[in-house]
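Trainee: One structure follows; several queries about it will come next.
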Amino acid sequence: QVQLVESGGGLVQAGGSLRLSCVASGSIRSINLVGWYRQAPGKQRELVATITSGGRTNYADSVKGRFTTSSDNAKNTVYLQMNSLKPEDTAVYYCNADIGYGMAYWGKGTLVTVSS
């Protein structure tokens, strides 16, 4: 099993920045890919960014050029650096660890609120 704990959310003004962290524990070596998702009130959860165990990243069009995901293997942590935040970025942000075979684990999320 894998346990994930997100942190770093909060209230920020539009144009500001936040860095989210996702700390993994448990069967970490089984993780193939970590994804950042977000869910705004009344909306479906959407994929924001992914990073593979090899460090390859991918981003949703809505965050390209503003968000960057990275990992620190020594700390078992994946980060999501969010710059130039917009009110529409307001959501609960979750990290997801994909271990293959159709199995994945979720954290409990961290709330990001961007005021205009």
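Scheme for the structure tokens: letters A, B, ... for chains in order shown; per-chain residue numbers from 1; ligand numbers from 1 in order shown.
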I'd like the contact shell of Trp106 of chain A - 9 Å cut-off, only C-alpha atoms, skipping same-chain residues fewer than 3 positions apart - returned as a list in words.
Mentor: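 Within the cut-off, the hits are Val2, Gln3, Leu4, Val5, Tyr94, Cys95, Asn96, Ala97 and Gly109 of chain A.
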Trainee: Mind writing the picked residues with N, CA and C atoms as a PDB file, in the first residue's frame?
Mentor:
```pdb
ATOM      1  N   VAL A   2       0.240   2.343  -0.428  1.00  0.00           N
ATOM      2  CA  VAL A   2       0.908   3.646  -0.461  1.00  0.00           C
ATOM      3  C   VAL A   2       0.024   4.644   0.268  1.00  0.00           C
ATOM      4  N   GLN A   3       0.659   5.431   1.116  1.00  0.00           N
ATOM      5  CA  GLN A   3      -0.063   6.517   1.781  1.00  0.00           C
ATOM      6  C   GLN A   3       0.458   7.840   1.241  1.00  0.00           C
ATOM      7  N   LEU A   4      -0.457   8.763   1.006  1.00  0.00           N
ATOM      8  CA  LEU A   4      -0.112  10.071   0.449  1.00  0.00           C
ATOM      9  C   LEU A   4      -0.688  11.170   1.327  1.00  0.00           C
ATOM     10  N   VAL A   5       0.128  12.171   1.599  1.00  0.00           N
ATOM     11  CA  VAL A   5      -0.333  13.307   2.390  1.00  0.00           C
ATOM     12  C   VAL A   5       0.046  14.594   1.662  1.00  0.00           C
ATOM     13  N   TYR A  94      -5.443  17.158  -5.145  1.00  0.00           N
ATOM     14  CA  TYR A  94      -5.138  15.812  -4.680  1.00  0.00           C
ATOM     15  C   TYR A  94      -3.926  15.260  -5.426  1.00  0.00           C
ATOM     16  N   CYS A  95      -3.152  14.443  -4.741  1.00  0.00           N
ATOM     17  CA  CYS A  95      -2.153  13.686  -5.474  1.00  0.00           C
ATOM     18  C   CYS A  95      -2.579  12.220  -5.524  1.00  0.00           C
ATOM     19  N   ASN A  96      -2.147  11.580  -6.562  1.00  0.00           N
ATOM     20  CA  ASN A  96      -2.550  10.215  -6.879  1.00  0.00           C
ATOM     21  C   ASN A  96      -1.313   9.438  -7.269  1.00  0.00           C
ATOM     22  N   ALA A  97      -1.136   8.266  -6.695  1.00  0.00           N
ATOM     23  CA  ALA A  97       0.012   7.420  -7.018  1.00  0.00           C
ATOM     24  C   ALA A  97      -0.468   6.185  -7.757  1.00  0.00           C
ATOM     25  N   GLY A 109      -6.217  15.427   0.038  1.00  0.00           N
ATOM     26  CA  GLY A 109      -6.360  16.712  -0.618  1.00  0.00           C
ATOM     27  C   GLY A 109      -5.974  17.900   0.242  1.00  0.00           C
TER      28      GLY A 109
END
```
Trainee: Report as a Markdown table the residues of segment 68-105 of chain A within 8 Å of segment 41-62 of chain A, each with its shortest atom pair and distance in Å (one decimal), using only C-alpha atoms, ordered by chain and increasing residue number.
Mentor:
```
| residue | atom | partner | partner_atom | distance |
| --- | --- | --- | --- | --- |
| A:Thr68 | CA | A:Ala49 | CA | 8.0 |
| A:Thr69 | CA | A:Ile51 | CA | 6.8 |
| A:Ser70 | CA | A:Ile51 | CA | 7.1 |
| A:Ser71 | CA | A:Gly55 | CA | 7.5 |
| A:Ala91 | CA | A:Pro41 | CA | 7.0 |
```
Trainee: Report, in Å to a single decimal, how far apart atom CA of Asn73 of chain A and atom CA of Leu18 of chain A are.
Mentor: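 If I compute the distance from atom CA of Leu18 of chain A to atom CA of Asn73 of chain A, I get 20.7 Å.
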Trainee: So which bits of chain A end up helix (DSSP H, G or I) when you DSSP the backbone, as a list in words?
Mentor: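 Of chain A, only Ile28, Arg29, Ser30, Asn73, Ala74, Lys75, Pro87, Glu88 and Asp89 of chain A fall in helix (DSSP H, G or I).
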Trainee: Got time to write the residues from that selection, all heavy atoms, as an mmCIF file, in the first residue's frame?
Mentor:
```cif
data_model
loop_
_atom_site.group_PDB
_atom_site.id
_atom_site.type_symbol
_atom_site.label_atom_id
_atom_site.label_comp_id
_atom_site.auth_asym_id
_atom_site.auth_seq_id
_atom_site.Cartn_x
_atom_site.Cartn_y
_atom_site.Cartn_z
ATOM 1 N N ILE A 28 6.692 2.605 -1.748
ATOM 2 C CA ILE A 28 7.022 3.722 -2.646
ATOM 3 C C ILE A 28 7.631 3.231 -3.949
ATOM 4 O O ILE A 28 7.384 3.790 -5.019
ATOM 5 C CB ILE A 28 7.965 4.689 -1.938
ATOM 6 C CG1 ILE A 28 7.276 5.296 -0.716
ATOM 7 C CG2 ILE A 28 8.435 5.783 -2.872
ATOM 8 C CD1 ILE A 28 8.200 6.062 0.175
ATOM 9 N N ARG A 29 8.412 2.183 -3.889
ATOM 10 C CA ARG A 29 9.100 1.694 -5.091
ATOM 11 C C ARG A 29 8.122 1.187 -6.140
ATOM 12 O O ARG A 29 8.491 1.016 -7.303
ATOM 13 C CB ARG A 29 10.087 0.604 -4.722
ATOM 14 C CG ARG A 29 11.263 1.102 -3.910
ATOM 15 C CD ARG A 29 12.277 0.016 -3.674
ATOM 16 N NE ARG A 29 13.430 0.506 -2.931
ATOM 17 C CZ ARG A 29 14.483 -0.243 -2.634
ATOM 18 N NH1 ARG A 29 14.533 -1.511 -3.011
ATOM 19 N NH2 ARG A 29 15.493 0.276 -1.956
ATOM 20 N N SER A 30 6.877 0.944 -5.743
ATOM 21 C CA SER A 30 5.887 0.446 -6.693
ATOM 22 C C SER A 30 5.237 1.565 -7.498
ATOM 23 O O SER A 30 4.489 1.308 -8.433
ATOM 24 C CB SER A 30 4.799 -0.330 -5.941
ATOM 25 O OG SER A 30 4.117 0.522 -5.045
ATOM 26 N N ASN A 73 13.295 12.448 -4.611
ATOM 27 C CA ASN A 73 13.217 11.042 -4.212
ATOM 28 C C ASN A 73 13.780 10.815 -2.812
ATOM 29 O O ASN A 73 13.317 9.935 -2.087
ATOM 30 C CB ASN A 73 13.956 10.168 -5.223
ATOM 31 C CG ASN A 73 13.249 10.149 -6.565
ATOM 32 O OD1 ASN A 73 12.042 10.360 -6.651
ATOM 33 N ND2 ASN A 73 14.009 9.921 -7.629
ATOM 34 N N ALA A 74 14.759 11.608 -2.430
ATOM 35 C CA ALA A 74 15.344 11.462 -1.097
ATOM 36 C C ALA A 74 14.321 11.776 -0.006
ATOM 37 O O ALA A 74 14.419 11.252 1.115
ATOM 38 C CB ALA A 74 16.562 12.356 -0.952
ATOM 39 N N LYS A 75 13.367 12.623 -0.335
ATOM 40 C CA LYS A 75 12.338 13.013 0.632
ATOM 41 C C LYS A 75 11.002 12.333 0.358
ATOM 42 O O LYS A 75 10.013 12.633 1.027
ATOM 43 C CB LYS A 75 12.154 14.533 0.626
ATOM 44 C CG LYS A 75 13.384 15.301 1.078
ATOM 45 C CD LYS A 75 13.114 16.798 1.102
ATOM 46 C CE LYS A 75 14.330 17.562 1.613
ATOM 47 N NZ LYS A 75 14.085 19.037 1.635
ATOM 48 N N PRO A 87 -8.281 32.918 -10.103
ATOM 49 C CA PRO A 87 -9.432 32.471 -9.300
ATOM 50 C C PRO A 87 -9.966 31.109 -9.756
ATOM 51 O O PRO A 87 -10.426 30.323 -8.914
ATOM 52 C CB PRO A 87 -10.449 33.587 -9.522
ATOM 53 C CG PRO A 87 -9.621 34.802 -9.760
ATOM 54 C CD PRO A 87 -8.434 34.310 -10.557
ATOM 55 N N GLU A 88 -9.884 30.828 -11.032
ATOM 56 C CA GLU A 88 -10.373 29.547 -11.533
ATOM 57 C C GLU A 88 -9.495 28.369 -11.154
ATOM 58 O O GLU A 88 -9.848 27.215 -11.407
ATOM 59 C CB GLU A 88 -10.552 29.573 -13.062
ATOM 60 C CG GLU A 88 -9.352 30.047 -13.835
ATOM 61 C CD GLU A 88 -9.450 31.530 -14.194
ATOM 62 O OE1 GLU A 88 -9.853 32.337 -13.329
ATOM 63 O OE2 GLU A 88 -9.111 31.881 -15.349
ATOM 64 N N ASP A 89 -8.357 28.635 -10.525
ATOM 65 C CA ASP A 89 -7.518 27.557 -9.987
ATOM 66 C C ASP A 89 -7.996 27.106 -8.610
ATOM 67 O O ASP A 89 -7.470 26.132 -8.062
ATOM 68 C CB ASP A 89 -6.062 28.006 -9.884
ATOM 69 C CG ASP A 89 -5.415 28.276 -11.227
ATOM 70 O OD1 ASP A 89 -5.654 27.487 -12.169
ATOM 71 O OD2 ASP A 89 -4.679 29.275 -11.334
#
```
Trainee: Extract, using only C-alpha atoms, all DNA, RNA and protein residues at most 12 Å from Gly15 of chain A, discarding same-chain residues fewer than 5 positions from it, and format them as a ChimeraX atom specification.
Mentor: /A:66,82-89,114-116
Trainee: Selected residues, N, CA and C atoms, written as a compact mmCIF listing (two decimals), in the first residue's frame, please.
Mentor:
```
# COMPACT_ATOMS: atom_id res chain seq x y z
N ARG A 66 2.45 27.75 -16.16
CA ARG A 66 2.22 28.34 -14.83
C ARG A 66 2.56 27.36 -13.71
N MET A 82 2.91 26.32 -8.18
CA MET A 82 1.83 26.98 -8.90
C MET A 82 2.09 28.48 -8.89
N ASN A 83 2.32 29.03 -10.06
CA ASN A 83 2.57 30.47 -10.20
C ASN A 83 1.44 31.12 -10.99
N SER A 84 1.39 32.43 -10.92
CA SER A 84 0.38 33.20 -11.66
C SER A 84 -1.01 32.62 -11.45
N LEU A 85 -1.34 32.39 -10.21
CA LEU A 85 -2.62 31.74 -9.88
C LEU A 85 -3.79 32.61 -10.27
N LYS A 86 -4.86 31.94 -10.68
CA LYS A 86 -6.07 32.60 -11.11
C LYS A 86 -7.22 32.13 -10.21
N PRO A 87 -8.28 32.92 -10.10
CA PRO A 87 -9.43 32.47 -9.30
C PRO A 87 -9.97 31.11 -9.76
N GLU A 88 -9.88 30.83 -11.03
CA GLU A 88 -10.37 29.55 -11.53
C GLU A 88 -9.50 28.37 -11.15
N ASP A 89 -8.36 28.64 -10.53
CA ASP A 89 -7.52 27.56 -9.99
C ASP A 89 -8.00 27.11 -8.61
N VAL A 114 -8.00 30.98 -4.45
CA VAL A 114 -7.38 32.14 -5.10
C VAL A 114 -8.42 33.25 -5.15
N SER A 115 -8.13 34.34 -4.50
CA SER A 115 -9.06 35.46 -4.47
C SER A 115 -8.75 36.45 -5.59
N SER A 116 -9.79 37.09 -6.07
CA SER A 116 -9.61 38.04 -7.19
C SER A 116 -9.32 39.44 -6.68
```
Trainee: DSSP on the backbone: which residues in chain A end up as strand (DSSP E)? Give the answer as a VMD selection string.
Mentor: chain A and resid 2 to 7 10 to 13 18 to 26 33 to 39 46 to 52 57 to 59 67 to 72 77 to 82 91 to 100 103 to 106 110 to 115
Trainee: Quick one: pull the distance between atom CA of Glu6 of chain A and atom CA of Val23 of chain A, Å, one decimal.
Mentor: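 Rounded to one decimal, the two atoms are 6.5 Å apart.
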Trainee: Compare A:Gly107, A:Gly16, A:Gly26, A:Gly102 by their minimum atom-to-atom distance to Phe67 of chain A, counting only C-alpha atoms, and give me the closest one.
Mentor: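 Among the listed residues, A:Gly16 lies closest to Phe67 of chain A.
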Trainee: For the atom pair atom CA of Gly65 of chain A and atom CA of Leu33 of chain A, what is the interatomic distance in Å to one decimal place?
Mentor: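 Atom-to-atom, atom CA of Gly65 of chain A to atom CA of Leu33 of chain A, that is 20.8 Å.
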Trainee: Between A:Ser27, A:Ser7, A:Gln1, A:Ser21, which one has atoms that come closest to Gln81 of chain A, using only C-alpha atoms?
Mentor: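 Smallest distance to Gln81 of chain A is found for A:Ser21.
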Trainee: Rank A:Ile31, A:Ala40, A:Ile99, A:Val78 by their smallest atom-to-atom distance to Thr113 of chain A, using only C-alpha atoms, and report the top residue only.
Mentor: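 Among the listed residues, the smallest separation from Thr113 of chain A belongs to A:Ala40.
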